[in-house]
$ cat my_file20.cif   # mmCIF, N, CA and C atoms
data_start
#
loop_
_atom_site.label_atom_id
_atom_site.label_comp_id
_atom_site.auth_asym_id
_atom_site.auth_seq_id
_atom_site.Cartn_x
_atom_site.Cartn_y
_atom_site.Cartn_z
N MET A 11 -19.88 66.10 36.49
CA MET A 11 -19.12 65.22 35.62
C MET A 11 -18.53 66.09 34.51
N ALA A 12 -17.24 66.27 34.50
CA ALA A 12 -16.56 67.09 33.50
C ALA A 12 -16.22 66.25 32.28
N VAL A 13 -16.85 66.55 31.17
CA VAL A 13 -16.64 65.82 29.93
C VAL A 13 -15.51 66.48 29.15
N ALA A 14 -14.54 65.69 28.72
CA ALA A 14 -13.38 66.23 27.99
C ALA A 14 -13.74 66.60 26.55
N THR A 15 -14.58 65.78 25.91
CA THR A 15 -14.96 66.05 24.52
C THR A 15 -16.32 65.42 24.22
N GLN A 16 -16.93 65.86 23.13
CA GLN A 16 -18.24 65.36 22.71
C GLN A 16 -18.20 64.92 21.26
N VAL A 17 -19.06 63.94 20.94
CA VAL A 17 -19.24 63.49 19.57
C VAL A 17 -20.72 63.62 19.24
N ASP A 18 -21.02 64.31 18.16
CA ASP A 18 -22.40 64.43 17.70
C ASP A 18 -22.60 63.47 16.53
N ALA A 19 -23.24 62.33 16.82
CA ALA A 19 -23.47 61.32 15.80
C ALA A 19 -24.95 61.24 15.44
N ARG A 20 -25.68 62.35 15.67
CA ARG A 20 -27.10 62.37 15.33
C ARG A 20 -27.26 62.24 13.82
N GLY A 21 -28.22 61.40 13.43
CA GLY A 21 -28.49 61.19 12.01
C GLY A 21 -27.61 60.14 11.36
N LEU A 22 -26.64 59.62 12.08
CA LEU A 22 -25.76 58.60 11.54
C LEU A 22 -26.23 57.21 11.95
N ASN A 23 -26.11 56.25 11.05
CA ASN A 23 -26.51 54.88 11.33
C ASN A 23 -25.29 54.02 11.66
N CYS A 24 -25.56 52.89 12.27
CA CYS A 24 -24.53 51.92 12.64
C CYS A 24 -23.70 51.58 11.40
N PRO A 25 -22.42 51.51 11.53
CA PRO A 25 -21.56 51.56 12.71
C PRO A 25 -20.93 52.94 12.96
N LEU A 26 -21.37 53.97 12.27
CA LEU A 26 -20.71 55.28 12.36
C LEU A 26 -20.67 55.89 13.76
N PRO A 27 -21.72 55.82 14.59
CA PRO A 27 -21.59 56.38 15.94
C PRO A 27 -20.47 55.71 16.75
N ILE A 28 -20.35 54.40 16.63
CA ILE A 28 -19.29 53.66 17.33
C ILE A 28 -17.92 54.06 16.79
N LEU A 29 -17.79 54.15 15.49
CA LEU A 29 -16.50 54.51 14.89
C LEU A 29 -16.08 55.92 15.28
N ARG A 30 -17.01 56.85 15.31
CA ARG A 30 -16.70 58.22 15.73
C ARG A 30 -16.28 58.26 17.21
N ALA A 31 -16.97 57.46 18.03
CA ALA A 31 -16.63 57.40 19.46
C ALA A 31 -15.24 56.79 19.64
N LYS A 32 -14.96 55.74 18.90
CA LYS A 32 -13.66 55.08 19.01
C LYS A 32 -12.53 56.05 18.64
N LYS A 33 -12.74 56.81 17.58
CA LYS A 33 -11.74 57.79 17.15
C LYS A 33 -11.53 58.87 18.21
N ALA A 34 -12.62 59.35 18.80
CA ALA A 34 -12.53 60.38 19.83
C ALA A 34 -11.86 59.84 21.10
N LEU A 35 -12.17 58.61 21.47
CA LEU A 35 -11.55 58.01 22.65
C LEU A 35 -10.04 57.90 22.50
N ALA A 36 -9.58 57.68 21.30
CA ALA A 36 -8.14 57.55 21.04
C ALA A 36 -7.39 58.85 21.33
N THR A 37 -8.10 59.96 21.33
CA THR A 37 -7.45 61.26 21.59
C THR A 37 -7.44 61.61 23.08
N LEU A 38 -8.16 60.85 23.90
CA LEU A 38 -8.28 61.14 25.32
C LEU A 38 -7.23 60.40 26.14
N GLU A 39 -6.98 60.93 27.33
CA GLU A 39 -6.10 60.27 28.28
C GLU A 39 -6.95 59.36 29.17
N SER A 40 -6.31 58.41 29.80
CA SER A 40 -6.99 57.48 30.68
C SER A 40 -7.79 58.23 31.75
N GLY A 41 -9.05 57.83 31.93
CA GLY A 41 -9.90 58.43 32.93
C GLY A 41 -10.75 59.59 32.44
N GLN A 42 -10.44 60.16 31.28
CA GLN A 42 -11.22 61.27 30.75
C GLN A 42 -12.56 60.77 30.21
N LEU A 43 -13.54 61.67 30.15
CA LEU A 43 -14.89 61.32 29.74
C LEU A 43 -15.21 61.82 28.34
N LEU A 44 -16.00 61.01 27.63
CA LEU A 44 -16.48 61.33 26.29
C LEU A 44 -18.00 61.24 26.30
N ARG A 45 -18.67 62.29 25.79
CA ARG A 45 -20.13 62.26 25.65
C ARG A 45 -20.46 62.08 24.18
N ILE A 46 -21.40 61.18 23.89
CA ILE A 46 -21.82 60.91 22.52
C ILE A 46 -23.33 61.11 22.42
N TYR A 47 -23.76 61.82 21.38
CA TYR A 47 -25.17 61.97 21.07
C TYR A 47 -25.45 61.18 19.80
N ALA A 48 -26.50 60.33 19.82
CA ALA A 48 -26.84 59.51 18.67
C ALA A 48 -28.35 59.38 18.56
N THR A 49 -28.83 59.15 17.35
CA THR A 49 -30.25 58.93 17.12
C THR A 49 -30.54 57.52 16.63
N ASP A 50 -29.54 56.76 16.30
CA ASP A 50 -29.70 55.39 15.83
C ASP A 50 -30.24 54.52 16.97
N ALA A 51 -31.38 53.88 16.75
CA ALA A 51 -32.01 53.05 17.80
C ALA A 51 -31.10 51.91 18.25
N GLY A 52 -30.28 51.39 17.36
CA GLY A 52 -29.36 50.31 17.71
C GLY A 52 -28.20 50.74 18.57
N SER A 53 -28.01 52.04 18.72
CA SER A 53 -26.86 52.53 19.50
C SER A 53 -26.95 52.14 20.97
N LEU A 54 -28.15 51.96 21.50
CA LEU A 54 -28.29 51.53 22.89
C LEU A 54 -27.58 50.19 23.11
N ARG A 55 -27.84 49.26 22.24
CA ARG A 55 -27.21 47.94 22.30
C ARG A 55 -25.73 48.03 21.91
N ASP A 56 -25.44 48.82 20.89
CA ASP A 56 -24.08 48.92 20.38
C ASP A 56 -23.09 49.48 21.40
N PHE A 57 -23.47 50.54 22.11
CA PHE A 57 -22.54 51.14 23.07
C PHE A 57 -22.33 50.28 24.29
N ALA A 58 -23.35 49.51 24.70
CA ALA A 58 -23.17 48.57 25.81
C ALA A 58 -22.16 47.48 25.41
N ALA A 59 -22.28 46.97 24.20
CA ALA A 59 -21.35 45.94 23.71
C ALA A 59 -19.95 46.52 23.51
N PHE A 60 -19.88 47.71 22.95
CA PHE A 60 -18.59 48.37 22.72
C PHE A 60 -17.85 48.57 24.04
N SER A 61 -18.57 49.01 25.05
CA SER A 61 -17.98 49.22 26.37
C SER A 61 -17.43 47.92 26.94
N ALA A 62 -18.20 46.86 26.85
CA ALA A 62 -17.77 45.56 27.38
C ALA A 62 -16.55 45.02 26.63
N GLN A 63 -16.52 45.20 25.32
CA GLN A 63 -15.43 44.66 24.51
C GLN A 63 -14.14 45.44 24.63
N THR A 64 -14.23 46.75 24.84
CA THR A 64 -13.02 47.58 24.84
C THR A 64 -12.49 47.90 26.22
N GLY A 65 -13.31 47.70 27.25
CA GLY A 65 -12.87 48.03 28.61
C GLY A 65 -13.08 49.48 28.98
N ASN A 66 -13.65 50.28 28.07
CA ASN A 66 -14.02 51.66 28.39
C ASN A 66 -15.36 51.61 29.12
N THR A 67 -15.45 52.27 30.26
CA THR A 67 -16.64 52.18 31.11
C THR A 67 -17.77 53.05 30.58
N LEU A 68 -18.95 52.46 30.47
CA LEU A 68 -20.16 53.21 30.13
C LEU A 68 -20.67 53.81 31.43
N VAL A 69 -20.36 55.07 31.66
CA VAL A 69 -20.67 55.76 32.91
C VAL A 69 -22.15 56.09 33.01
N ALA A 70 -22.74 56.54 31.90
CA ALA A 70 -24.15 56.93 31.91
C ALA A 70 -24.72 56.81 30.51
N GLN A 71 -26.03 56.59 30.47
CA GLN A 71 -26.75 56.62 29.20
C GLN A 71 -28.17 57.04 29.49
N GLY A 72 -28.76 57.72 28.51
CA GLY A 72 -30.13 58.16 28.66
C GLY A 72 -30.75 58.42 27.30
N SER A 73 -32.06 58.38 27.27
CA SER A 73 -32.78 58.60 26.01
C SER A 73 -33.98 59.49 26.26
N ALA A 74 -34.25 60.35 25.30
CA ALA A 74 -35.44 61.20 25.34
C ALA A 74 -35.80 61.61 23.93
N ALA A 75 -37.03 61.34 23.55
CA ALA A 75 -37.56 61.76 22.24
C ALA A 75 -36.67 61.31 21.08
N GLY A 76 -36.16 60.09 21.15
CA GLY A 76 -35.34 59.55 20.06
C GLY A 76 -33.89 59.96 20.06
N LEU A 77 -33.48 60.76 21.03
CA LEU A 77 -32.08 61.15 21.15
C LEU A 77 -31.45 60.37 22.30
N HIS A 78 -30.34 59.71 22.01
CA HIS A 78 -29.64 58.90 23.00
C HIS A 78 -28.32 59.60 23.36
N CYS A 79 -28.03 59.60 24.64
CA CYS A 79 -26.80 60.23 25.13
C CYS A 79 -26.02 59.19 25.92
N PHE A 80 -24.73 59.08 25.65
CA PHE A 80 -23.85 58.13 26.33
C PHE A 80 -22.64 58.87 26.86
N VAL A 81 -22.14 58.44 28.00
CA VAL A 81 -20.91 58.97 28.55
C VAL A 81 -19.98 57.79 28.80
N LEU A 82 -18.82 57.82 28.17
CA LEU A 82 -17.81 56.76 28.32
C LEU A 82 -16.59 57.31 29.02
N ARG A 83 -16.00 56.48 29.88
CA ARG A 83 -14.74 56.83 30.53
C ARG A 83 -13.64 56.01 29.86
N ARG A 84 -12.61 56.73 29.39
CA ARG A 84 -11.48 56.08 28.71
C ARG A 84 -10.73 55.18 29.69
N ARG A 85 -10.41 53.99 29.28
CA ARG A 85 -9.68 53.04 30.13
C ARG A 85 -8.25 53.44 30.33
#

$ encode --input "my_file20.cif" --output "structure tokens"
Amino acid sequence: MAVATQVDARGLNCPLPILRAKKALATLESGQLLRIYATDAGSLRDFAAFSAQTGNTLVAQGSAAGLHCFVLRRR
């Protein structure tokens, strides 16, 4: 999976991880992938809702030791 860009939102609380992801997605072309790293516990719920509302596909997500990783595909 070739990721076009990454956002490091570790240490940031809601809504900043979503806002940083939204800004990064705006720079991508349709079909490109964005990886986001976040530590906010609410980000699991937030990115699922963000994906559903915006039409950007949540390709993958995972968590380990309080670090959450998301991969979104630009619509």

$ residues_around --input "my_file20.cif" --residues "Ala48 of chain A" --least-positions-apart "2" --cutoff "5 Å" --atoms "only N, CA and C atoms" --output "ChimeraX atom specification"
/A:19-20,46,50,77-78

$ atom_distance --input "my_file20.cif" --atom1 "atom CA of Asp18 of chain A" --atom2 "atom N of Arg55 of chain A"
16.7 Å

$ axis_aligned_box --input "my_file20.cif" --around "segment 67-71 of chain A" --padding-each-side "3 Å" --output "JSON"
{"center_x": -21.8, "center_y": 54.6, "center_z": 31.1, "size_x": 18.7, "size_y": 10.9, "size_z": 9.8}

$ select_by_dssp --input "my_file20.cif" --residues "chain A" --states "strand (DSSP E or B)" --output "PyMOL selection string"
chain A and resi 15-19+43-48+67-74+77-83

$ select_by_dssp --input "my_file20.cif" --residues "chain A" --states "helix (DSSP H, G or I)" --output "list in words"
Leu26, Pro27, Ile28, Leu29, Arg30, Ala31, Lys32, Lys33, Ala34, Leu35, Ser53, Leu54, Arg55, Asp56, Phe57, Ala58, Ala59, Phe60, Ser61, Ala62, Gln63 and Thr64 of chain A

$ write_last_selection --input "my_file20.cif" --atoms "N, CA and C atoms" --output "CSV table (one decimal), in the coordinates of the input"
chain,number,residue,atom,x,y,z
A,26,LEU,N,-21.4,54.0,12.3
A,26,LEU,CA,-20.7,55.3,12.4
A,26,LEU,C,-20.7,55.9,13.8
A,27,PRO,N,-21.7,55.8,14.6
A,27,PRO,CA,-21.6,56.4,15.9
A,27,PRO,C,-20.5,55.7,16.8
A,28,ILE,N,-20.4,54.4,16.6
A,28,ILE,CA,-19.3,53.7,17.3
A,28,ILE,C,-17.9,54.1,16.8
A,29,LEU,N,-17.8,54.2,15.5
A,29,LEU,CA,-16.5,54.5,14.9
A,29,LEU,C,-16.1,55.9,15.3
A,30,ARG,N,-17.0,56.8,15.3
A,30,ARG,CA,-16.7,58.2,15.7
A,30,ARG,C,-16.3,58.3,17.2
A,31,ALA,N,-17.0,57.5,18.0
A,31,ALA,CA,-16.6,57.4,19.5
A,31,ALA,C,-15.2,56.8,19.6
A,32,LYS,N,-15.0,55.7,18.9
A,32,LYS,CA,-13.7,55.1,19.0
A,32,LYS,C,-12.5,56.0,18.6
A,33,LYS,N,-12.7,56.8,17.6
A,33,LYS,CA,-11.7,57.8,17.2
A,33,LYS,C,-11.5,58.9,18.2
A,34,ALA,N,-12.6,59.4,18.8
A,34,ALA,CA,-12.5,60.4,19.8
A,34,ALA,C,-11.9,59.8,21.1
A,35,LEU,N,-12.2,58.6,21.5
A,35,LEU,CA,-11.6,58.0,22.6
A,35,LEU,C,-10.0,57.9,22.5
A,53,SER,N,-28.0,52.0,18.7
A,53,SER,CA,-26.9,52.5,19.5
A,53,SER,C,-27.0,52.1,21.0
A,54,LEU,N,-28.2,52.0,21.5
A,54,LEU,CA,-28.3,51.5,22.9
A,54,LEU,C,-27.6,50.2,23.1
A,55,ARG,N,-27.8,49.3,22.2
A,55,ARG,CA,-27.2,47.9,22.3
A,55,ARG,C,-25.7,48.0,21.9
A,56,ASP,N,-25.4,48.8,20.9
A,56,ASP,CA,-24.1,48.9,20.4
A,56,ASP,C,-23.1,49.5,21.4
A,57,PHE,N,-23.5,50.5,22.1
A,57,PHE,CA,-22.5,51.1,23.1
A,57,PHE,C,-22.3,50.3,24.3
A,58,ALA,N,-23.4,49.5,24.7
A,58,ALA,CA,-23.2,48.6,25.8
A,58,ALA,C,-22.2,47.5,25.4
A,59,ALA,N,-22.3,47.0,24.2
A,59,ALA,CA,-21.4,45.9,23.7
A,59,ALA,C,-20.0,46.5,23.5
A,60,PHE,N,-19.9,47.7,23.0
A,60,PHE,CA,-18.6,48.4,22.7
A,60,PHE,C,-17.8,48.6,24.0
A,61,SER,N,-18.6,49.0,25.0
A,61,SER,CA,-18.0,49.2,26.4
A,61,SER,C,-17.4,47.9,26.9
A,62,ALA,N,-18.2,46.9,26.8
A,62,ALA,CA,-17.8,45.6,27.4
A,62,ALA,C,-16.6,45.0,26.6
A,63,GLN,N,-16.5,45.2,25.3
A,63,GLN,CA,-15.4,44.7,24.5
A,63,GLN,C,-14.1,45.4,24.6
A,64,THR,N,-14.2,46.8,24.8
A,64,THR,CA,-13.0,47.6,24.8
A,64,THR,C,-12.5,47.9,26.2

$ closest_residue --input "my_file20.cif" --among "A:Ser40, A:Asn23, A:Gln16, A:Ser53" --to "Gly72 of chain A" --atoms "only C-alpha atoms"
A:Ser53

$ resolve_selection --input "my_file20.cif" --expression "the PyMOL selection byres (((chain A and resi 41 and name CA) around 6) and name CA)" --output "PyMOL selection string"
chain A and resi 40+42+83-84

$ closest_residue --input "my_file20.cif" --among "A:Ala34, A:Val17, A:Ala12, A:Leu22" --to "Ala51 of chain A" --atoms "all atoms listed in the file"
A:Leu22

$ closest_residue --input "my_file20.cif" --among "A:Cys79, A:Ala36, A:Arg85, A:Ala31" --to "Asn66 of chain A" --atoms "only N, CA and C atoms"
A:Arg85

$ atom_distance --input "my_file20.cif" --atom1 "atom CA of Thr67 of chain A" --atom2 "atom CA of Leu38 of chain A"
13.6 Å

$ resolve_selection --input "my_file20.cif" --expression "the PyMOL selection byres (((chain A and resi 57 and name CA) around 10) and name CA)" --output "number ranges by chain"
A: 27-28, 31, 46, 52-56, 58-63, 68, 71, 80-82

$ closest_residue --input "my_file20.cif" --among "A:Val13, A:Thr64, A:Leu26, A:Lys33" --to "Arg45 of chain A" --atoms "all atoms listed in the file"
A:Val13

$ atom_distance --input "my_file20.cif" --atom1 "atom N of Lys32 of chain A" --atom2 "atom N of Tyr47 of chain A"
11.0 Å

$ closest_residue --input "my_file20.cif" --among "A:Thr49, A:Ala75, A:Gly65, A:Leu44" --to "Thr15 of chain A" --atoms "only N, CA and C atoms"
A:Leu44
